[in-house]
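Worksheet for the structure shown next.
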Amino acid sequence: MRAKDVLGREGEQAAADYLTERGFRILDRNWRCADGEIDIVAVERHTLVVCEVKTRSGTRYGTPLEAVGRVKQGRLRRLAVTWVNAHGVRFEQIRIDVLGLLRQGSGEFTVEHVRGVG
């Protein structure tokens, strides 16, 4: 497995742990359909939260959050609707969050969590 893929998996696990520690309930991870993938599907109170996770080892090519532009945000909104329809569930609100993770020299991650993008 490539180092980039290992970093991504470790970052997604750290993001899932971060969300769980803050009271989110994880419903799904790495859900795929013909239109793309959702990294994490979670619930916070009565809100379905579709989470995009971006992990980096540095900021040479920009911050993790800079990697999620308007096009990606639009795709995430469409994927959220597809996920809800595929699972036959309804929520009062659906929100798109982005979690940007940076690996520190110690191997730990710092997490920047932006709620309600796009």
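Residues are referred to by chain and number: the chain letter is A, B, ... according to the order shown in the structure tokens, the number counts from 1 in that chain, and ligands are numbered separately from 1 in the order shown.
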
Requested in this report: Extract, using only C-alpha atoms, all DNA, RNA and protein residues at most 10 Å from segment 31-46 of chain A, discarding same-chain residues fewer than 3 positions from it, and format them as a ChimeraX atom specification.
Outcome: /A:12-13,15-16,19-20,22-28,49-54,75-76,78-80,82-83,86,90-97

For the residues in the current selection, export N, CA and C atoms as an mmCIF file, in the first residue's frame.
data_model
loop_
_atom_site.group_PDB
_atom_site.id
_atom_site.type_symbol
_atom_site.label_atom_id
_atom_site.label_comp_id
_atom_site.auth_asym_id
_atom_site.auth_seq_id
_atom_site.Cartn_x
_atom_site.Cartn_y
_atom_site.Cartn_z
ATOM 1 N N GLU A 12 -8.549 9.162 8.284
ATOM 2 C CA GLU A 12 -9.983 8.893 8.383
ATOM 3 C C GLU A 12 -10.330 8.251 9.730
ATOM 4 N N GLN A 13 -9.463 7.371 10.217
ATOM 5 C CA GLN A 13 -9.711 6.769 11.530
ATOM 6 C C GLN A 13 -9.624 7.834 12.626
ATOM 7 N N ALA A 15 -10.222 10.984 12.260
ATOM 8 C CA ALA A 15 -11.410 11.829 12.110
ATOM 9 C C ALA A 15 -12.631 11.149 12.728
ATOM 10 N N ALA A 16 -12.796 9.849 12.503
ATOM 11 C CA ALA A 16 -13.923 9.111 13.082
ATOM 12 C C ALA A 16 -13.829 9.124 14.613
ATOM 13 N N LEU A 19 -14.814 12.625 15.863
ATOM 14 C CA LEU A 19 -16.267 12.831 15.827
ATOM 15 C C LEU A 19 -16.968 12.060 16.943
ATOM 16 N N THR A 20 -16.583 10.817 17.146
ATOM 17 C CA THR A 20 -17.188 9.989 18.184
ATOM 18 C C THR A 20 -16.971 10.611 19.566
ATOM 19 N N ARG A 22 -16.829 13.569 20.267
ATOM 20 C CA ARG A 22 -17.651 14.776 20.382
ATOM 21 C C ARG A 22 -19.151 14.484 20.294
ATOM 22 N N GLY A 23 -19.507 13.225 20.399
ATOM 23 C CA GLY A 23 -20.912 12.867 20.478
ATOM 24 C C GLY A 23 -21.590 12.514 19.169
ATOM 25 N N PHE A 24 -20.850 12.489 18.070
ATOM 26 C CA PHE A 24 -21.424 12.065 16.792
ATOM 27 C C PHE A 24 -21.573 10.546 16.809
ATOM 28 N N ARG A 25 -22.583 10.059 16.112
ATOM 29 C CA ARG A 25 -22.760 8.618 15.930
ATOM 30 C C ARG A 25 -22.433 8.303 14.479
ATOM 31 N N ILE A 26 -21.452 7.468 14.254
ATOM 32 C CA ILE A 26 -21.025 7.107 12.899
ATOM 33 C C ILE A 26 -21.993 6.058 12.341
ATOM 34 N N LEU A 27 -22.566 6.364 11.170
ATOM 35 C CA LEU A 27 -23.487 5.438 10.512
ATOM 36 C C LEU A 27 -22.821 4.643 9.400
ATOM 37 N N ASP A 28 -21.856 5.269 8.729
ATOM 38 C CA ASP A 28 -21.270 4.637 7.553
ATOM 39 C C ASP A 28 -19.891 5.238 7.309
ATOM 40 N N VAL A 49 -24.931 14.194 9.032
ATOM 41 C CA VAL A 49 -23.721 14.939 8.696
ATOM 42 C C VAL A 49 -22.866 14.091 7.756
ATOM 43 N N VAL A 50 -22.672 14.595 6.550
ATOM 44 C CA VAL A 50 -21.795 13.960 5.574
ATOM 45 C C VAL A 50 -20.440 14.639 5.705
ATOM 46 N N CYS A 51 -19.417 13.834 6.004
ATOM 47 C CA CYS A 51 -18.090 14.380 6.291
ATOM 48 C C CYS A 51 -17.083 14.006 5.214
ATOM 49 N N GLU A 52 -16.409 15.008 4.717
ATOM 50 C CA GLU A 52 -15.274 14.816 3.825
ATOM 51 C C GLU A 52 -14.021 14.962 4.682
ATOM 52 N N VAL A 53 -13.125 13.996 4.574
ATOM 53 C CA VAL A 53 -11.895 14.007 5.357
ATOM 54 C C VAL A 53 -10.722 14.201 4.417
ATOM 55 N N LYS A 54 -9.913 15.208 4.692
ATOM 56 C CA LYS A 54 -8.696 15.450 3.929
ATOM 57 C C LYS A 54 -7.522 15.416 4.888
ATOM 58 N N ARG A 75 -20.728 17.998 -5.172
ATOM 59 C CA ARG A 75 -20.784 16.532 -5.291
ATOM 60 C C ARG A 75 -21.196 15.915 -3.950
ATOM 61 N N LEU A 76 -20.656 16.439 -2.855
ATOM 62 C CA LEU A 76 -21.011 15.917 -1.530
ATOM 63 C C LEU A 76 -22.498 16.115 -1.228
ATOM 64 N N ARG A 78 -24.934 16.186 -3.433
ATOM 65 C CA ARG A 78 -25.648 15.190 -4.247
ATOM 66 C C ARG A 78 -25.479 13.789 -3.650
ATOM 67 N N LEU A 79 -24.275 13.466 -3.194
ATOM 68 C CA LEU A 79 -24.034 12.159 -2.578
ATOM 69 C C LEU A 79 -24.845 11.986 -1.297
ATOM 70 N N ALA A 80 -25.007 13.077 -0.534
ATOM 71 C CA ALA A 80 -25.806 13.004 0.695
ATOM 72 C C ALA A 80 -27.238 12.598 0.380
ATOM 73 N N THR A 82 -28.247 11.003 -2.280
ATOM 74 C CA THR A 82 -28.208 9.626 -2.770
ATOM 75 C C THR A 82 -28.116 8.645 -1.601
ATOM 76 N N TRP A 83 -27.290 8.956 -0.609
ATOM 77 C CA TRP A 83 -27.146 8.086 0.563
ATOM 78 C C TRP A 83 -28.479 7.968 1.303
ATOM 79 N N ALA A 86 -30.853 5.829 -0.693
ATOM 80 C CA ALA A 86 -30.426 4.431 -0.719
ATOM 81 C C ALA A 86 -30.719 3.720 0.600
ATOM 82 N N ARG A 90 -34.898 9.401 6.801
ATOM 83 C CA ARG A 90 -35.179 10.835 6.670
ATOM 84 C C ARG A 90 -34.609 11.568 7.876
ATOM 85 N N PHE A 91 -34.097 12.741 7.632
ATOM 86 C CA PHE A 91 -33.565 13.595 8.690
ATOM 87 C C PHE A 91 -34.120 14.995 8.518
ATOM 88 N N GLU A 92 -34.281 15.688 9.637
ATOM 89 C CA GLU A 92 -34.754 17.067 9.585
ATOM 90 C C GLU A 92 -33.762 17.949 8.837
ATOM 91 N N GLN A 93 -32.492 17.694 9.064
ATOM 92 C CA GLN A 93 -31.447 18.502 8.420
ATOM 93 C C GLN A 93 -30.334 17.603 7.918
ATOM 94 N N ILE A 94 -29.708 18.050 6.839
ATOM 95 C CA ILE A 94 -28.513 17.392 6.314
ATOM 96 C C ILE A 94 -27.441 18.463 6.209
ATOM 97 N N ARG A 95 -26.243 18.141 6.711
ATOM 98 C CA ARG A 95 -25.154 19.112 6.722
ATOM 99 C C ARG A 95 -23.898 18.461 6.145
ATOM 100 N N ILE A 96 -23.109 19.284 5.466
ATOM 101 C CA ILE A 96 -21.825 18.831 4.935
ATOM 102 C C ILE A 96 -20.726 19.462 5.786
ATOM 103 N N ASP A 97 -19.871 18.617 6.369
ATOM 104 C CA ASP A 97 -18.726 19.075 7.154
ATOM 105 C C ASP A 97 -17.446 18.626 6.474
#

Report task. Can you list, as a ChimeraX atom specification, all residues belonging to chain A that DSSP tags as alpha helix (DSSP H)? Result -> /A:3-21,70-87

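Atom CA of Leu101 of chain A to atom CA of Pro64 of chain A spans 6.6 Å [interatomic distance, one decimal].
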
Query - Residue nearest Val68 of chain A among A:Thr55, A:Gln104, A:Asp17, A:Gly8 (counting only C-alpha atoms) - result: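 Ranking A:Thr55, A:Gln104, A:Asp17, A:Gly8 by distance to Val68 of chain A, first place goes to A:Thr55.
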
Requested in this report: Could you jot down the atom CA of Gly62 of chain A to atom CA of Glu21 of chain A separation for me, Å, one decimal place?
Outcome: 27.4 Å

Query raised in the report: What does the distance between atom CA of Arg103 of chain A and atom CA of Ser57 of chain A come to in Å, to one decimal place?
Result: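 For atom CA of Arg103 of chain A relative to atom CA of Ser57 of chain A, the distance reads 4.9 Å.
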
Report task. Check the smallest atom-to-atom distance from each of A:Met1, A:Val6, A:Ala14, A:Val71 to Thr110 of chain A using only C-alpha atoms, then report the winner. Result -> A:Ala14

Requested in this report: Report as a PyMOL selection string: the residues of chain A with a DSSP assignment of strand (DSSP E or B), based on the backbone of this structure.
Outcome: chain A and resi 25-33+36-44+47-56+93-103+109-114
